[in-house]
Structures are given as structure tokens and as C-alpha cells.
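**Student:** You'll find work35.pdb just under this line, and it carries PDB, C-alpha atoms, pLDDT in the B column.
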ATOM      1  CA  MET G   1      79.826  39.609 113.009  1.00 53.00           C
ATOM      2  CA  THR G   2      76.591  37.598 112.970  1.00 53.00           C
ATOM      3  CA  PRO G   3      74.114  38.495 110.233  1.00 54.00           C
ATOM      4  CA  PRO G   4      70.753  39.747 111.506  1.00 52.00           C
ATOM      5  CA  SER G   5      67.799  37.349 111.425  1.00 60.00           C
ATOM      6  CA  ARG G   6      65.766  39.765 109.316  1.00 64.00           C
ATOM      7  CA  PRO G   7      66.875  41.901 106.359  1.00 65.00           C
ATOM      8  CA  PHE G   8      69.026  44.841 107.375  1.00 64.00           C
ATOM      9  CA  ASP G   9      69.181  47.979 105.231  1.00 66.00           C
ATOM     10  CA  ALA G  10      72.942  48.558 105.149  1.00 65.00           C
ATOM     11  CA  ALA G  11      72.541  51.650 102.942  1.00 62.00           C
ATOM     12  CA  ARG G  12      70.275  53.410 105.435  1.00 63.00           C
ATOM     13  CA  ASN G  13      71.974  52.270 108.655  1.00 65.00           C
ATOM     14  CA  TRP G  14      75.541  51.560 107.542  1.00 67.00           C
ATOM     15  CA  THR G  15      77.611  48.674 108.669  1.00 72.00           C
ATOM     16  CA  THR G  16      80.968  49.168 110.318  1.00 76.00           C
ATOM     17  CA  LEU G  17      83.556  46.415 110.349  1.00 78.00           C
ATOM     18  CA  LYS G  18      86.752  46.427 112.367  1.00 84.00           C
ATOM     19  CA  SER G  19      89.999  45.041 111.067  1.00 89.00           C
ATOM     20  CA  GLY G  20      89.781  41.254 110.922  1.00 88.00           C
ATOM     21  CA  GLU G  21      85.982  41.106 111.311  1.00 87.00           C
ATOM     22  CA  ARG G  22      83.936  39.168 108.812  1.00 84.00           C
ATOM     23  CA  LEU G  23      80.435  39.770 107.567  1.00 78.00           C
ATOM     24  CA  SER G  24      78.369  37.063 105.997  1.00 78.00           C
ATOM     25  CA  GLY G  25      74.915  37.123 104.544  1.00 76.00           C
ATOM     26  CA  LEU G  26      75.320  40.541 102.911  1.00 75.00           C
ATOM     27  CA  ALA G  27      73.381  40.726  99.651  1.00 75.00           C
ATOM     28  CA  ILE G  28      74.269  43.371  97.094  1.00 74.00           C
ATOM     29  CA  THR G  29      71.846  43.751  94.234  1.00 73.00           C
ATOM     30  CA  LEU G  30      72.921  45.165  90.891  1.00 76.00           C
ATOM     31  CA  ALA G  31      70.264  45.850  88.332  1.00 78.00           C
ATOM     32  CA  GLU G  32      70.031  46.809  84.701  1.00 85.00           C
ATOM     33  CA  GLY G  33      68.108  49.744  83.388  1.00 90.00           C
ATOM     34  CA  ALA G  34      69.684  52.824  84.928  1.00 93.00           C
ATOM     35  CA  ALA G  35      68.490  56.116  83.465  1.00 95.00           C
ATOM     36  CA  SER G  36      70.230  59.464  83.045  1.00 96.00           C
ATOM     37  CA  LEU G  37      69.143  63.083  83.100  1.00 97.00           C
ATOM     38  CA  ARG G  38      70.911  65.991  81.414  1.00 97.00           C
ATOM     39  CA  GLY G  39      69.503  69.429  81.166  1.00 96.00           C
ATOM     40  CA  GLN G  40      69.565  73.120  81.856  1.00 96.00           C
ATOM     41  CA  ILE G  41      68.539  75.158  84.895  1.00 95.00           C
ATOM     42  CA  ASP G  42      66.550  78.165  83.718  1.00 92.00           C
ATOM     43  CA  ALA G  43      66.615  81.407  85.699  1.00 87.00           C
ATOM     44  CA  ALA G  44      63.571  83.661  85.654  1.00 82.00           C
ATOM     45  CA  GLU G  45      63.709  86.432  83.072  1.00 84.00           C
ATOM     46  CA  GLY G  46      66.148  89.148  84.135  1.00 81.00           C
ATOM     47  CA  GLN G  47      67.726  86.975  86.851  1.00 84.00           C
ATOM     48  CA  LYS G  48      71.145  85.363  86.979  1.00 87.00           C
ATOM     49  CA  LEU G  49      71.795  81.861  88.313  1.00 88.00           C
ATOM     50  CA  PRO G  50      73.606  81.909  91.673  1.00 87.00           C
ATOM     51  CA  PRO G  51      76.878  80.033  92.281  1.00 83.00           C
ATOM     52  CA  LYS G  52      76.825  76.613  94.032  1.00 85.00           C
ATOM     53  CA  LEU G  53      73.532  75.633  92.438  1.00 90.00           C
ATOM     54  CA  PHE G  54      72.582  71.984  92.853  1.00 92.00           C
ATOM     55  CA  VAL G  55      69.937  69.848  91.173  1.00 94.00           C
ATOM     56  CA  TYR G  56      68.316  67.315  93.485  1.00 94.00           C
ATOM     57  CA  LEU G  57      66.129  64.295  92.815  1.00 96.00           C
ATOM     58  CA  ALA G  58      63.961  62.885  95.614  1.00 96.00           C
ATOM     59  CA  PRO G  59      61.594  59.935  95.305  1.00 97.00           C
ATOM     60  CA  ALA G  60      58.036  60.922  94.392  1.00 97.00           C
ATOM     61  CA  GLU G  61      56.763  57.456  95.329  1.00 95.00           C
ATOM     62  CA  SER G  62      55.839  57.567  99.034  1.00 93.00           C
ATOM     63  CA  GLU G  63      56.992  53.983  99.624  1.00 94.00           C
ATOM     64  CA  ARG G  64      60.516  55.026  98.516  1.00 92.00           C
ATOM     65  CA  ALA G  65      60.803  58.067 100.813  1.00 91.00           C
ATOM     66  CA  ASP G  66      63.132  56.257 103.265  1.00 89.00           C
ATOM     67  CA  ASP G  67      65.318  54.713 100.553  1.00 90.00           C
ATOM     68  CA  VAL G  68      68.597  56.658 100.725  1.00 89.00           C
ATOM     69  CA  LEU G  69      69.604  55.250  97.346  1.00 89.00           C
ATOM     70  CA  ARG G  70      66.748  57.180  95.690  1.00 93.00           C
ATOM     71  CA  TYR G  71      68.186  60.619  96.498  1.00 94.00           C
ATOM     72  CA  PHE G  72      70.539  62.254  94.019  1.00 94.00           C
ATOM     73  CA  ALA G  73      72.355  65.560  93.655  1.00 93.00           C
ATOM     74  CA  ALA G  74      74.493  67.167  90.962  1.00 93.00           C
ATOM     75  CA  LEU G  75      76.329  70.463  90.929  1.00 91.00           C
ATOM     76  CA  GLY G  76      75.172  72.713  88.129  1.00 91.00           C
ATOM     77  CA  SER G  77      77.792  74.223  85.818  1.00 91.00           C
ATOM     78  CA  GLY G  78      78.291  77.967  85.541  1.00 87.00           C
ATOM     79  CA  ASP G  79      76.058  77.986  82.456  1.00 91.00           C
ATOM     80  CA  GLY G  80      73.274  76.131  84.300  1.00 92.00           C
ATOM     81  CA  SER G  81      73.796  72.739  82.695  1.00 95.00           C
ATOM     82  CA  PHE G  82      73.699  69.593  84.842  1.00 96.00           C
ATOM     83  CA  ALA G  83      73.866  65.819  84.528  1.00 97.00           C
ATOM     84  CA  LEU G  84      72.753  62.927  86.721  1.00 96.00           C
ATOM     85  CA  ASN G  85      73.586  59.317  85.852  1.00 95.00           C
ATOM     86  CA  ASN G  86      72.849  55.820  87.123  1.00 94.00           C
ATOM     87  CA  LEU G  87      69.298  56.656  88.199  1.00 96.00           C
ATOM     88  CA  PRO G  88      66.982  53.804  89.134  1.00 94.00           C
ATOM     89  CA  PRO G  89      63.766  53.900  87.095  1.00 95.00           C
ATOM     90  CA  GLY G  90      60.833  55.476  88.893  1.00 96.00           C
ATOM     91  CA  ARG G  91      59.155  58.783  89.695  1.00 97.00           C
ATOM     92  CA  TYR G  92      61.153  61.662  91.200  1.00 97.00           C
ATOM     93  CA  TRP G  93      60.631  65.206  92.393  1.00 97.00           C
ATOM     94  CA  VAL G  94      63.194  67.566  90.837  1.00 97.00           C
ATOM     95  CA  ILE G  95      64.392  70.816  92.389  1.00 95.00           C
ATOM     96  CA  ALA G  96      67.274  73.263  91.973  1.00 93.00           C
ATOM     97  CA  ARG G  97      68.637  74.857  95.156  1.00 89.00           C
ATOM     98  CA  THR G  98      71.652  76.820  96.240  1.00 86.00           C
ATOM     99  CA  ALA G  99      74.010  75.406  98.833  1.00 76.00           C
ATOM    100  CA  GLY G 100      74.686  77.523 101.892  1.00 66.00           C
ATOM    101  CA  GLU G 101      78.139  78.978 102.490  1.00 62.00           C
ATOM    102  CA  ASN G 102      78.729  76.582 105.384  1.00 60.00           C
ATOM    103  CA  GLU G 103      77.548  73.544 103.461  1.00 62.00           C
ATOM    104  CA  SER G 104      80.291  71.258 102.274  1.00 58.00           C
ATOM    105  CA  ASN G 105      80.225  67.816 100.738  1.00 65.00           C
ATOM    106  CA  VAL G 106      76.576  68.179  99.695  1.00 71.00           C
ATOM    107  CA  LEU G 107      76.923  65.329  97.230  1.00 70.00           C
ATOM    108  CA  SER G 108      78.407  62.805  99.665  1.00 71.00           C
ATOM    109  CA  LYS G 109      76.351  63.802 102.722  1.00 79.00           C
ATOM    110  CA  LEU G 110      73.037  63.071 101.015  1.00 83.00           C
ATOM    111  CA  HIS G 111      73.397  59.321 101.602  1.00 83.00           C
ATOM    112  CA  LEU G 112      74.764  59.362 105.153  1.00 84.00           C
ATOM    113  CA  PRO G 113      72.538  57.611 107.723  1.00 81.00           C
ATOM    114  CA  ASP G 114      72.525  60.607 110.083  1.00 83.00           C
ATOM    115  CA  GLU G 115      71.267  62.944 107.318  1.00 87.00           C
ATOM    116  CA  ALA G 116      67.692  61.585 107.435  1.00 88.00           C
ATOM    117  CA  GLU G 117      66.394  64.982 108.571  1.00 89.00           C
ATOM    118  CA  ALA G 118      68.074  66.739 105.631  1.00 88.00           C
ATOM    119  CA  ARG G 119      66.583  64.178 103.207  1.00 91.00           C
ATOM    120  CA  ALA G 120      63.126  64.653 104.747  1.00 93.00           C
ATOM    121  CA  LYS G 121      63.448  68.433 104.383  1.00 92.00           C
ATOM    122  CA  LEU G 122      64.622  68.053 100.776  1.00 92.00           C
ATOM    123  CA  LEU G 123      61.740  65.686 100.008  1.00 95.00           C
ATOM    124  CA  HIS G 124      59.214  68.107 101.509  1.00 95.00           C
ATOM    125  CA  GLU G 125      60.617  71.100  99.602  1.00 92.00           C
ATOM    126  CA  ALA G 126      60.805  69.172  96.328  1.00 94.00           C
ATOM    127  CA  ALA G 127      57.266  67.823  96.703  1.00 95.00           C
ATOM    128  CA  THR G 128      56.017  71.343  97.456  1.00 94.00           C
ATOM    129  CA  ALA G 129      57.645  72.616  94.243  1.00 93.00           C
ATOM    130  CA  LYS G 130      55.659  69.932  92.368  1.00 94.00           C
ATOM    131  CA  ILE G 131      58.124  69.360  89.526  1.00 95.00           C
ATOM    132  CA  GLU G 132      57.955  65.640  88.840  1.00 96.00           C
ATOM    133  CA  THR G 133      59.627  63.438  86.272  1.00 96.00           C
ATOM    134  CA  GLU G 134      59.574  59.720  85.621  1.00 97.00           C
ATOM    135  CA  PHE G 135      62.359  57.557  84.262  1.00 96.00           C
ATOM    136  CA  LYS G 136      61.772  54.344  82.371  1.00 96.00           C
ATOM    137  CA  PRO G 137      64.502  51.663  82.331  1.00 95.00           C
ATOM    138  CA  CYS G 138      67.511  52.767  80.249  1.00 95.00           C
ATOM    139  CA  GLN G 139      65.930  56.136  79.439  1.00 95.00           C
ATOM    140  CA  ASN G 140      68.336  58.964  78.655  1.00 96.00           C
ATOM    141  CA  VAL G 141      66.741  62.391  78.983  1.00 96.00           C
ATOM    142  CA  THR G 142      69.018  64.973  77.363  1.00 95.00           C
ATOM    143  CA  ASP G 143      67.025  68.183  77.041  1.00 94.00           C
ATOM    144  CA  TYR G 144      65.383  68.651  80.447  1.00 96.00           C
ATOM    145  CA  ARG G 145      64.530  72.253  81.419  1.00 96.00           C
ATOM    146  CA  LEU G 146      64.367  72.967  85.165  1.00 95.00           C
ATOM    147  CA  PRO G 147      63.055  76.330  86.381  1.00 92.00           C
ATOM    148  CA  PHE G 148      64.999  77.913  89.237  1.00 89.00           C
ATOM    149  CA  ARG G 149      63.015  79.788  91.838  1.00 76.00           C
ATOM    150  CA  ALA G 150      65.164  82.280  93.764  1.00 66.00           C
ATOM    151  CA  ALA G 151      63.293  81.457  96.983  1.00 56.00           C
ATOM    152  CA  SER G 152      64.828  77.971  97.080  1.00 43.00           C
ATOM    153  CA  THR G 153      66.977  77.468 100.154  1.00 45.00           C
ATOM    154  CA  PRO G 154      69.468  74.848 101.307  1.00 47.00           C
ATOM    155  CA  ALA G 155      68.409  71.786 103.306  1.00 47.00           C
ATOM    156  CA  GLN G 156      70.785  72.448 106.198  1.00 46.00           C
TER     157      GLN G 156
END
Take the structure I supplied and represent it as C-alpha cells, if you would.
**Tutor:**
Amino acid sequence: MTPPSRPFDAARNWTTLKSGERLSGLAITLAEGAASLRGQIDAAEGQKLPPKLFVYLAPAESERADDVLRYFAALGSGDGSFALNNLPPGRYWVIARTAGENESNVLSKLHLPDEAEARAKLLHEAATAKIETEFKPCQNVTDYRLPFRAASTPAQ
């Protein structure tokens, strides 16, 4: 397989190789400074958290909106606790949403190339909720409180 003449975003578009094919010119960048976020999803007074509750991060920086590696999801525990690790520093919108009954593999589907519409919908919903956080390099946030609004709906 011949490398493209201009940079190719393999994370956004994927690259498929057949048995015996070779790929040259692929650059993989590893960086220091990943952050982490641990916290609690808070239900409104008198409400109970629903099952299959996910916490999503979407890039708050408009120039990162198409970067599939800036979208994250974590399944909340029964008690509302959650954890996200290996987060690139930057600004993110944060939102808690339930997954629909027919939704499966929410965590792995978020980065698939053909899920651009779902990421755009998630980004729009998260930006509308206006809950933003920023991570500095190597920052570990351990006591984050995220309000859950019952009106939140799945991206699919």
C-alpha cells in the first residue's frame, strides 16, 4: 500500500490492510501528560439514577470537533461513580446520558469512522448542557460532581 502524499488521519478514516500487505509512512504519536477524571453523577433531589448511565466527554475546542480521539465515554457504576483515564489535556464538555435499550457497544462505537453523526449529536447535546471542564497535563481530578438531567437522551 502506497502512503498518501499528504497526511492521512487514520483514526478518523481507518486503514484496512489485507494479509501480506505492507504500510509504510504511518506515524503514531505518543505523548506524555494524560489526565484522569473520577467523580460522581448526582441525580436531582428525589430522583434515582437510571441504569446504563454513561459519562461522555466531547471536545469544547471547536478545532478539535472532528478529532475522534477527543471523545470519551465511561459507564457509570450503580452508585453513580465513574472514571475516565488517559485523557489528552484540553477543554471538554461533560454530560451524563442513558443508553437506549437497543444501543450496544457504546464505548467502542464512539471512535468508529462511520459514527461521525453520533459524535456530532453528542457534541451538540454536550455543548448545549454547558458543563465544561479543562484538564492540564498530568492532572488527576478525583472529586468531580456531574449533575444528571433526566431529559438527557441517547445519541442514537
**Student:** So, counting all atoms listed in the file, which residue among G:Arg38, G:Arg70, G:Arg64, G:Lys52 is closest to G:Val141?
**Tutor:** G:Arg38
**Student:** To test your reading of the syntax: which residues would the PyMOL selection byres ((chain G and resi 139) around 10) return for the file shown? Reply as a list of chain:residue names.
**Tutor:**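 Output from the PyMOL selection byres ((chain G and resi 139) around 10), applied to this file: G:Gly33, G:Ala34, G:Ala35, G:Ser36, G:Leu37, G:Leu87, G:Pro89, G:Glu134, G:Phe135, G:Lys136, G:Pro137, G:Cys138, G:Asn140, G:Val141, G:Thr142.
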**Student:** May I ask for the distance between atom CA of G:Leu26 and atom CA of G:Asn85, given in Å to one decimal place?
**Tutor:**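 Taking atom CA of G:Leu26 and atom CA of G:Asn85, their separation equals 25.4 Å.
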**Student:** With a distance cut-off of 8 Å and all atoms listed in the file, select the neighbouring residues of G:Thr133, excluding the residue or stretch itself and same-chain residues fewer than 4 positions from it, and output the selection as a PyMOL selection string.
**Tutor:** chain G and resi 91-94
**Student:** Which of these, G:Ala60, G:Ala118, G:Leu112, G:Leu49, has the shortest distance to G:Gly76 once you count only C-alpha atoms?
**Tutor:** G:Leu49
**Student:** So what does the PyMOL selection byres ((chain G and resi 66) around 12) actually pick up in this one, as a list of chain:residue names?
**Tutor:**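 What the PyMOL selection byres ((chain G and resi 66) around 12) grabs from the file is G:Asp9, G:Ala11, G:Arg12, G:Asn13, G:Ala58, G:Pro59, G:Ala60, G:Glu61, G:Ser62, G:Glu63, G:Arg64, G:Ala65, G:Asp67, G:Val68, G:Leu69, G:Arg70, G:Tyr71, G:His111, G:Pro113, G:Glu115, G:Ala116, G:Glu117, G:Ala118, G:Arg119, G:Ala120, G:Leu123.
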**Student:** Could you work out how far atom CA of G:Leu57 lies from atom CA of G:Gly39, giving the answer in Å with one decimal?
**Tutor:**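 Those two atoms sit 13.2 Å apart.
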**Student:** Kindly provide, as a list in words, the polymer residues lying within 6 Å of (71.2, 71.8, 92.8), counting all atoms listed in the file and using the coordinates exactly as they appear in the file.
**Tutor:**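 Selection result: Leu53, Phe54, Val55, Tyr56, Ala74, Leu75, Ala96 and Arg97 of chain G.
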**Student:** Quick one, how far is atom CA of G:Ser81 from atom CA of G:Ile41?
**Tutor:**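 Separation between atom CA of G:Ser81 and atom CA of G:Ile41: 6.2 Å.
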**Student:** Taking only C-alpha atoms into account, which of G:Glu132, G:Pro51, G:Thr16, G:Tyr144 comes nearest G:Leu84?
**Tutor:**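 Answer, going by the shortest atom-to-atom distance: G:Tyr144.
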**Student:** Kindly compute an axis-aligned box around the listed atoms of stretch 126-132 of chain G, allowing 5 Å on each side, and express its centre and edge lengths in Å to one decimal as AutoDock Vina command-line options.
**Tutor:**
--center_x 58.2 --center_y 69.1 --center_z 93.1 --size_x 15.1 --size_y 17.0 --size_z 18.6
**Student:** Apply the PyMOL selection byres ((chain G and resi 44) around 8) to the displayed file and report the matching residues as a ChimeraX atom specification.
**Tutor:** /G:42-43,45-48,147-149
